[in-house]
$ cat structure-v4.txt   # compact mmCIF, C-alpha atoms
# COMPACT_ATOMS: atom_id res chain seq x y z
CA MET D 1 83.14 -48.43 -78.95
CA ALA D 2 85.64 -51.04 -80.12
CA LEU D 3 87.28 -50.78 -83.54
CA ILE D 4 86.36 -54.41 -84.25
CA ASN D 5 83.53 -56.61 -82.98
CA LEU D 6 82.85 -60.25 -82.21
CA THR D 7 80.81 -60.90 -85.36
CA GLU D 8 83.60 -59.63 -87.61
CA VAL D 9 86.25 -61.62 -85.76
CA LYS D 10 84.28 -64.87 -85.88
CA THR D 11 83.64 -64.41 -89.59
CA PHE D 12 87.35 -63.75 -90.19
CA LEU D 13 88.30 -66.84 -88.20
CA GLY D 14 85.72 -69.00 -89.96
CA ILE D 15 83.79 -69.65 -86.75
CA SER D 16 80.05 -70.19 -87.07
CA LEU D 17 78.13 -67.22 -85.69
CA ALA D 18 75.76 -69.72 -84.07
CA SER D 19 78.59 -71.19 -82.00
CA THR D 20 79.23 -69.42 -78.69
CA THR D 21 81.99 -71.71 -77.40
CA GLU D 22 84.76 -69.14 -77.81
CA ASP D 23 82.73 -65.97 -77.34
CA GLY D 24 83.98 -65.28 -73.82
CA PHE D 25 87.63 -65.70 -74.73
CA LEU D 26 87.32 -63.76 -77.98
CA GLY D 27 85.54 -60.96 -76.15
CA LEU D 28 88.49 -60.61 -73.78
CA VAL D 29 90.93 -60.65 -76.68
CA ILE D 30 88.98 -58.05 -78.65
CA ASN D 31 88.87 -55.70 -75.65
CA ALA D 32 92.61 -56.10 -75.02
CA VAL D 33 93.57 -55.62 -78.66
CA ASP D 34 91.28 -52.61 -79.02
CA ALA D 35 92.72 -50.92 -75.92
CA GLU D 36 96.33 -51.53 -76.90
CA ALA D 37 95.73 -50.49 -80.52
CA LYS D 38 94.41 -47.10 -79.38
CA LYS D 39 97.51 -46.63 -77.23
CA TYR D 40 99.67 -47.65 -80.19
CA PHE D 41 97.97 -45.15 -82.51
CA ASP D 42 98.29 -42.40 -79.85
CA ARG D 43 95.25 -40.68 -81.33
CA GLN D 44 91.50 -41.02 -81.31
CA ILE D 45 90.46 -43.16 -84.27
CA GLU D 46 86.69 -43.14 -83.66
CA THR D 47 84.55 -40.11 -84.41
CA ALA D 48 84.05 -37.60 -81.60
CA THR D 49 83.33 -33.91 -81.09
CA TYR D 50 86.12 -31.78 -79.63
CA THR D 51 84.66 -28.72 -77.98
CA ASP D 52 86.60 -25.53 -77.21
CA GLU D 53 90.13 -26.72 -77.88
CA TYR D 54 92.62 -23.90 -77.46
CA TYR D 55 95.64 -23.35 -79.67
CA CYS D 56 98.48 -20.85 -79.90
CA GLY D 57 98.91 -19.00 -83.17
CA THR D 58 102.40 -19.26 -84.68
CA ASN D 59 102.27 -16.69 -87.48
CA ASN D 60 101.67 -19.49 -90.00
CA HIS D 61 99.00 -20.09 -92.63
CA ILE D 62 98.39 -23.60 -91.28
CA LEU D 63 96.92 -24.67 -87.94
CA CYS D 64 97.13 -28.41 -87.21
CA LEU D 65 94.26 -29.67 -85.07
CA ASN D 66 94.96 -32.29 -82.42
CA GLU D 67 92.70 -35.03 -83.78
CA TYR D 68 92.21 -36.13 -87.36
CA PRO D 69 90.78 -36.86 -89.88
CA VAL D 70 88.49 -33.86 -89.46
CA THR D 71 85.02 -34.20 -90.93
CA SER D 72 83.63 -30.80 -89.96
CA VAL D 73 84.49 -27.61 -88.10
CA THR D 74 81.75 -26.08 -85.96
CA SER D 75 83.46 -22.86 -84.96
CA VAL D 76 86.79 -21.06 -84.98
CA ARG D 77 87.46 -17.95 -82.91
CA ILE D 78 90.50 -15.72 -82.52
CA ASP D 79 91.01 -13.50 -79.50
CA GLU D 80 94.54 -12.19 -79.13
CA SER D 81 93.80 -11.48 -75.45
CA GLY D 82 91.95 -14.75 -74.90
CA PHE D 83 94.52 -16.62 -72.80
CA TRP D 84 92.81 -20.01 -73.15
CA GLY D 85 89.41 -18.52 -72.29
CA THR D 86 90.47 -17.51 -68.78
CA VAL D 87 89.95 -13.79 -69.36
CA SER D 88 86.43 -12.59 -68.65
CA GLY D 89 84.52 -11.94 -71.86
CA SER D 90 87.14 -13.55 -74.06
CA PHE D 91 86.23 -15.27 -77.33
CA ALA D 92 83.00 -13.31 -77.63
CA THR D 93 80.69 -13.74 -80.61
CA ALA D 94 82.49 -11.01 -82.54
CA THR D 95 85.72 -13.08 -82.53
CA ALA D 96 84.16 -15.87 -84.63
CA LEU D 97 85.66 -16.52 -88.05
CA THR D 98 83.72 -17.51 -91.17
CA SER D 99 84.49 -20.68 -93.09
CA GLY D 100 85.43 -19.95 -96.69
CA VAL D 101 86.13 -16.33 -95.86
CA ASP D 102 88.59 -16.41 -92.99
CA TYR D 103 89.70 -20.03 -93.00
CA ALA D 104 89.31 -23.29 -94.92
CA LEU D 105 89.54 -26.92 -93.91
CA VAL D 106 92.27 -28.57 -96.00
CA LYS D 107 90.45 -31.49 -97.63
CA ASP D 108 93.39 -33.68 -98.51
CA GLY D 109 91.71 -37.09 -98.11
CA ARG D 110 89.12 -39.09 -99.98
CA ASN D 111 85.47 -38.07 -100.10
CA GLY D 112 86.19 -34.52 -98.97
CA VAL D 113 87.74 -35.50 -95.64
CA ALA D 114 90.50 -33.43 -94.05
CA GLU D 115 92.81 -36.41 -93.56
CA THR D 116 95.57 -34.47 -91.79
CA GLY D 117 93.29 -32.11 -89.84
CA ARG D 118 94.68 -28.78 -91.04
CA LEU D 119 93.03 -25.35 -91.10
CA TRP D 120 94.24 -22.86 -93.69
CA ARG D 121 94.03 -19.16 -92.79
CA ILE D 122 92.73 -17.27 -95.80
CA ASN D 123 94.43 -13.94 -96.56
CA GLY D 124 96.45 -14.00 -93.39
CA VAL D 125 98.11 -16.10 -90.71
CA TRP D 126 97.14 -17.57 -87.38
CA PRO D 127 98.34 -14.67 -85.24
CA ALA D 128 101.32 -14.92 -82.94
CA ARG D 129 102.60 -12.13 -80.69
CA LEU D 130 105.61 -9.89 -81.11
CA GLU D 131 108.03 -9.55 -78.21
CA SER D 132 110.56 -6.74 -78.21
CA LYS D 133 113.79 -7.08 -76.27
CA HIS D 134 116.12 -4.31 -75.26
CA GLY D 135 118.94 -4.00 -77.76
CA ALA D 136 117.30 -6.19 -80.41
CA LEU D 137 116.69 -4.63 -83.81
CA ASN D 138 113.63 -6.73 -84.57
CA ALA D 139 110.80 -8.03 -82.43
CA MET D 140 110.73 -11.78 -81.81
CA VAL D 141 107.71 -13.81 -82.91
CA LYS D 142 106.28 -15.82 -80.02
CA PRO D 143 103.22 -18.15 -80.03
CA GLY D 144 99.97 -16.35 -79.29
CA PRO D 145 98.96 -17.36 -75.75
CA GLY D 146 95.83 -19.51 -76.17
CA ASN D 147 94.44 -17.09 -78.73
CA ILE D 148 92.57 -19.57 -80.95
CA LYS D 149 89.54 -21.64 -79.97
CA VAL D 150 88.18 -24.41 -82.18
CA THR D 151 85.25 -26.83 -81.98
CA TYR D 152 85.28 -29.64 -84.53
CA VAL D 153 84.40 -33.26 -85.31
CA ALA D 154 87.17 -35.75 -86.06
CA GLY D 155 87.70 -39.48 -86.43
CA TYR D 156 86.15 -42.30 -88.42
CA ALA D 157 82.48 -43.19 -87.99
CA SER D 158 81.69 -46.67 -86.68
CA GLY D 159 80.82 -47.92 -90.15
CA ALA D 160 83.83 -46.29 -91.78
CA ILE D 161 86.82 -47.59 -89.80
CA PRO D 162 89.49 -48.18 -92.50
CA GLN D 163 89.59 -51.79 -93.61
CA ASP D 164 93.35 -52.06 -93.18
CA ILE D 165 92.95 -51.17 -89.50
CA LYS D 166 90.27 -53.82 -89.10
CA LEU D 167 92.32 -56.41 -90.98
CA GLY D 168 95.38 -55.71 -88.85
CA LEU D 169 93.42 -56.09 -85.61
CA TRP D 170 91.69 -59.26 -86.84
CA GLN D 171 95.15 -60.66 -87.54
CA VAL D 172 96.32 -59.80 -84.02
CA VAL D 173 93.29 -61.57 -82.55
CA THR D 174 94.09 -64.57 -84.75
CA GLN D 175 97.70 -64.64 -83.51
CA ILE D 176 96.63 -64.48 -79.87
CA ARG D 177 94.07 -67.22 -80.40
CA ALA D 178 96.76 -69.40 -82.01
CA ALA D 179 99.07 -68.78 -79.04
CA LYS D 180 96.33 -69.68 -76.56
CA GLY D 181 97.23 -73.35 -76.65
CA LYS D 182 101.00 -72.79 -76.56
CA GLY D 183 101.44 -72.16 -72.86
CA TRP D 184 101.03 -68.38 -72.63
CA PRO D 185 101.12 -67.62 -68.87
CA VAL D 186 97.85 -67.23 -67.02
CA ASP D 187 97.59 -64.22 -64.67
CA SER D 188 94.32 -64.97 -62.93
CA GLU D 189 90.92 -66.44 -63.61
CA SER D 190 88.16 -64.36 -65.12
CA LEU D 191 85.11 -64.94 -67.30
CA GLY D 192 84.97 -68.63 -66.51
CA GLU D 193 88.13 -70.48 -67.45
CA TYR D 194 89.48 -67.74 -69.74
CA SER D 195 92.33 -65.65 -68.42
CA TYR D 196 95.58 -64.64 -70.12
CA SER D 197 98.19 -61.90 -70.37
CA LEU D 198 96.31 -60.48 -73.31
CA ALA D 199 97.55 -56.90 -73.12
CA ALA D 200 101.22 -57.98 -73.32
CA MET D 201 100.46 -60.24 -76.27
CA ALA D 202 98.51 -57.51 -78.05
CA VAL D 203 101.41 -55.07 -77.63
CA GLU D 204 103.87 -57.64 -78.98
CA TYR D 205 101.86 -58.42 -82.10
CA LEU D 206 100.87 -54.81 -82.77
CA ARG D 207 104.48 -53.63 -82.76
CA THR D 208 106.16 -56.39 -84.75
CA GLY D 209 105.90 -57.99 -88.16
CA THR D 210 103.54 -57.22 -91.00
CA VAL D 211 100.73 -55.94 -88.77
CA ALA D 212 102.96 -53.17 -87.40
CA SER D 213 103.89 -51.96 -90.88
CA GLN D 214 100.26 -52.19 -91.95
CA LEU D 215 99.04 -50.01 -89.07
CA ALA D 216 102.01 -47.63 -88.82
CA ARG D 217 100.45 -45.04 -91.14
CA TYR D 218 97.71 -44.41 -88.57
CA ARG D 219 100.08 -43.61 -85.71
CA ARG D 220 100.28 -40.01 -84.52
CA VAL D 221 103.19 -38.33 -86.24
CA ARG D 222 103.00 -34.86 -84.72
CA GLN D 223 102.97 -33.44 -81.23
CA ARG D 224 99.68 -32.43 -79.66
CA PHE D 225 98.98 -28.90 -78.60
CA THR D 226 98.39 -28.79 -74.89
CA VAL D 227 94.63 -28.39 -74.68
CA LEU D 228 93.39 -26.38 -71.73
CA GLY D 229 89.76 -25.88 -70.81
$ encode --input "structure-v4.txt" --output "structure tokens"
Amino acid sequence: MALINLTEVKTFLGISLASTTEDGFLGLVINAVDAEAKKYFDRQIETATYTDEYYCGTNNHILCLNEYPVTSVTSVRIDESGFWGTVSGSFATATALTSGVDYALVKDGRNGVAETGRLWRINGVWPARLESKHGALNAMVKPGPGNIKVTYVAGYASGAIPQDIKLGLWQVVTQIRAAKGKGWPVDSESLGEYSYSLAAMAVEYLRTGTVASQLARYRRVRQRFTVLG
């Protein structure tokens, strides 16, 4: 699903919805801008379910999920011998945690949304492992090897994409449309007479000027856990 659609773009540009003259070209532009915007954000903006993502406990109260905002958490399990679910019988039913008892979703956004996608461990920490070395007085804390498994829903629903994202992408489409008649090089012919280096243009406009500053807050700012399984 694209973050913006043809009807929205035509309305923003002041083009009659009954007119189809530019539909082919605008469709190409929308697809290019949508694809490059998702690369620019480096995260999934649209709502999706993330099933059985594995994490390594770090002896902290907070666990940052890979995708955000988080709208709901289906299940959380801890198995200190889980090893990313590769061990037979790991993450059995008895390893499941209870929301509100063992963990809580940090609802730091509007309307009860977990904007930053964080899980708070109640009365404890997300367990790491202790590693003793010969000659060392204290054991070293090392990440728990794939000992946490989470299933959750994250992203914005199709009707709830933030308006500043939409506005920024509409502006990029507008800039590309304006450049259409200024000699932007043609790569090949497709969809009738419409064909342009749209991806390169989208990247340029997304990363410069007011649009870039407008969209920057939605870019991924933390490293992903490596998700196995």
$ residues_near_point --input "structure-v4.txt" --point "(94.3, -64.3, -86.6)" --cutoff "12 Å" --atoms "only C-alpha atoms" --output "MDAnalysis selection string"
chainID D and resid 8:15 26 29:30 33 166:180 202 205 211
$ atom_distance --input "structure-v4.txt" --atom1 "atom CA of D:Glu80" --atom2 "atom CA of D:Leu97"
13.3 Å
$ residues_around --input "structure-v4.txt" --residues "stretch 159-163 of chain D" --least-positions-apart "3" --cutoff "12 Å" --atoms "all atoms listed in the file" --output "count of residues only"
24
$ closest_atom_pairs --input "structure-v4.txt" --of "stretch 6-78 of chain D" --to "stretch 121-130 of chain D" --cutoff "8 Å" --atoms "all atoms listed in the file" --output "JSON lines"
{"residue": "D:Cys56", "atom": "CA", "partner": "D:Ala128", "partner_atom": "CA", "distance": 7.2}
{"residue": "D:Gly57", "atom": "CA", "partner": "D:Ala128", "partner_atom": "CA", "distance": 4.7}
{"residue": "D:Thr58", "atom": "CA", "partner": "D:Ala128", "partner_atom": "CA", "distance": 4.8}
{"residue": "D:Asn59", "atom": "CA", "partner": "D:Pro127", "partner_atom": "CA", "distance": 5.0}
{"residue": "D:Asn60", "atom": "CA", "partner": "D:Val125", "partner_atom": "CA", "distance": 5.0}
{"residue": "D:His61", "atom": "CA", "partner": "D:Val125", "partner_atom": "CA", "distance": 4.5}
{"residue": "D:Ile62", "atom": "CA", "partner": "D:Arg121", "partner_atom": "CA", "distance": 6.4}
{"residue": "D:Leu63", "atom": "CA", "partner": "D:Trp126", "partner_atom": "CA", "distance": 7.1}
$ closest_residue --input "structure-v4.txt" --among "D:Leu105, D:Val113, D:Ile78, D:Ala200" --to "D:Asp52" --atoms "only C-alpha atoms"
D:Ile78
$ atom_distance --input "structure-v4.txt" --atom1 "atom CA of D:Glu115" --atom2 "atom CA of D:Gly85"
28.0 Å
$ atom_distance --input "structure-v4.txt" --atom1 "atom CA of D:Glu53" --atom2 "atom CA of D:Tyr152"
8.7 Å
$ closest_residue --input "structure-v4.txt" --among "D:Val70, D:Ile165, D:Ala32, D:Ala199" --to "D:Ala212" --atoms "all atoms listed in the file"
D:Ile165
$ residues_around --input "structure-v4.txt" --residues "D:Asp79" --least-positions-apart "2" --cutoff "10 Å" --atoms "all atoms listed in the file" --output "number ranges by chain"
D: 77, 81-85, 90-92, 94-96, 127, 144-149
$ axis_aligned_box --input "structure-v4.txt" --around "stretch 88-92 of chain D" --padding-each-side "6 Å" --output "JSON"
{"center_x": 85.1, "center_y": -13.6, "center_z": -73.1, "size_x": 16.1, "size_y": 15.3, "size_z": 21.0}
$ closest_residue --input "structure-v4.txt" --among "D:Val221, D:Val150, D:Val203, D:Ala37" --to "D:Leu65" --atoms "only C-alpha atoms"
D:Val150
$ residues_near_point --input "structure-v4.txt" --point "(100.6, -30.7, -82.8)" --cutoff "12 Å" --atoms "only C-alpha atoms" --output "list in words"
Arg43, Tyr54, Tyr55, Cys56, Gly57, Thr58, Ile62, Leu63, Cys64, Leu65, Asn66, Glu67, Tyr68, Thr116, Gly117, Arg118, Arg220, Val221, Arg222, Gln223, Arg224, Phe225, Thr226 and Val227 of chain D
$ build_atoms --input "structure-v4.txt" --residues "stretch 200-211 of chain D" --atoms "N, CA and C atoms" --output "CSV table (one decimal), keeping the file's coordinate frame"
chain,number,residue,atom,x,y,z
D,200,ALA,N,99.8,-57.8,-72.9
D,200,ALA,CA,101.2,-58.0,-73.3
D,200,ALA,C,101.3,-58.6,-74.7
D,201,MET,N,100.5,-59.6,-75.0
D,201,MET,CA,100.5,-60.2,-76.3
D,201,MET,C,100.0,-59.3,-77.4
D,202,ALA,N,99.0,-58.5,-77.1
D,202,ALA,CA,98.5,-57.5,-78.0
D,202,ALA,C,99.6,-56.5,-78.4
D,203,VAL,N,100.3,-56.0,-77.4
D,203,VAL,CA,101.4,-55.1,-77.6
D,203,VAL,C,102.5,-55.7,-78.5
D,204,GLU,N,102.8,-56.9,-78.2
D,204,GLU,CA,103.9,-57.6,-79.0
D,204,GLU,C,103.5,-57.8,-80.4
D,205,TYR,N,102.3,-58.2,-80.7
D,205,TYR,CA,101.9,-58.4,-82.1
D,205,TYR,C,101.6,-57.1,-82.9
D,206,LEU,N,101.1,-56.1,-82.1
D,206,LEU,CA,100.9,-54.8,-82.8
D,206,LEU,C,102.2,-54.1,-83.2
D,207,ARG,N,103.2,-54.4,-82.5
D,207,ARG,CA,104.5,-53.6,-82.8
D,207,ARG,C,105.5,-54.4,-83.6
D,208,THR,N,105.2,-55.6,-84.0
D,208,THR,CA,106.2,-56.4,-84.8
D,208,THR,C,105.5,-57.0,-86.0
D,209,GLY,N,106.4,-57.3,-87.0
D,209,GLY,CA,105.9,-58.0,-88.2
D,209,GLY,C,105.0,-57.2,-89.1
D,210,THR,N,104.3,-57.9,-89.9
D,210,THR,CA,103.5,-57.2,-91.0
D,210,THR,C,102.4,-56.4,-90.5
D,211,VAL,N,101.8,-56.7,-89.3
D,211,VAL,CA,100.7,-55.9,-88.8
D,211,VAL,C,101.2,-54.5,-88.4
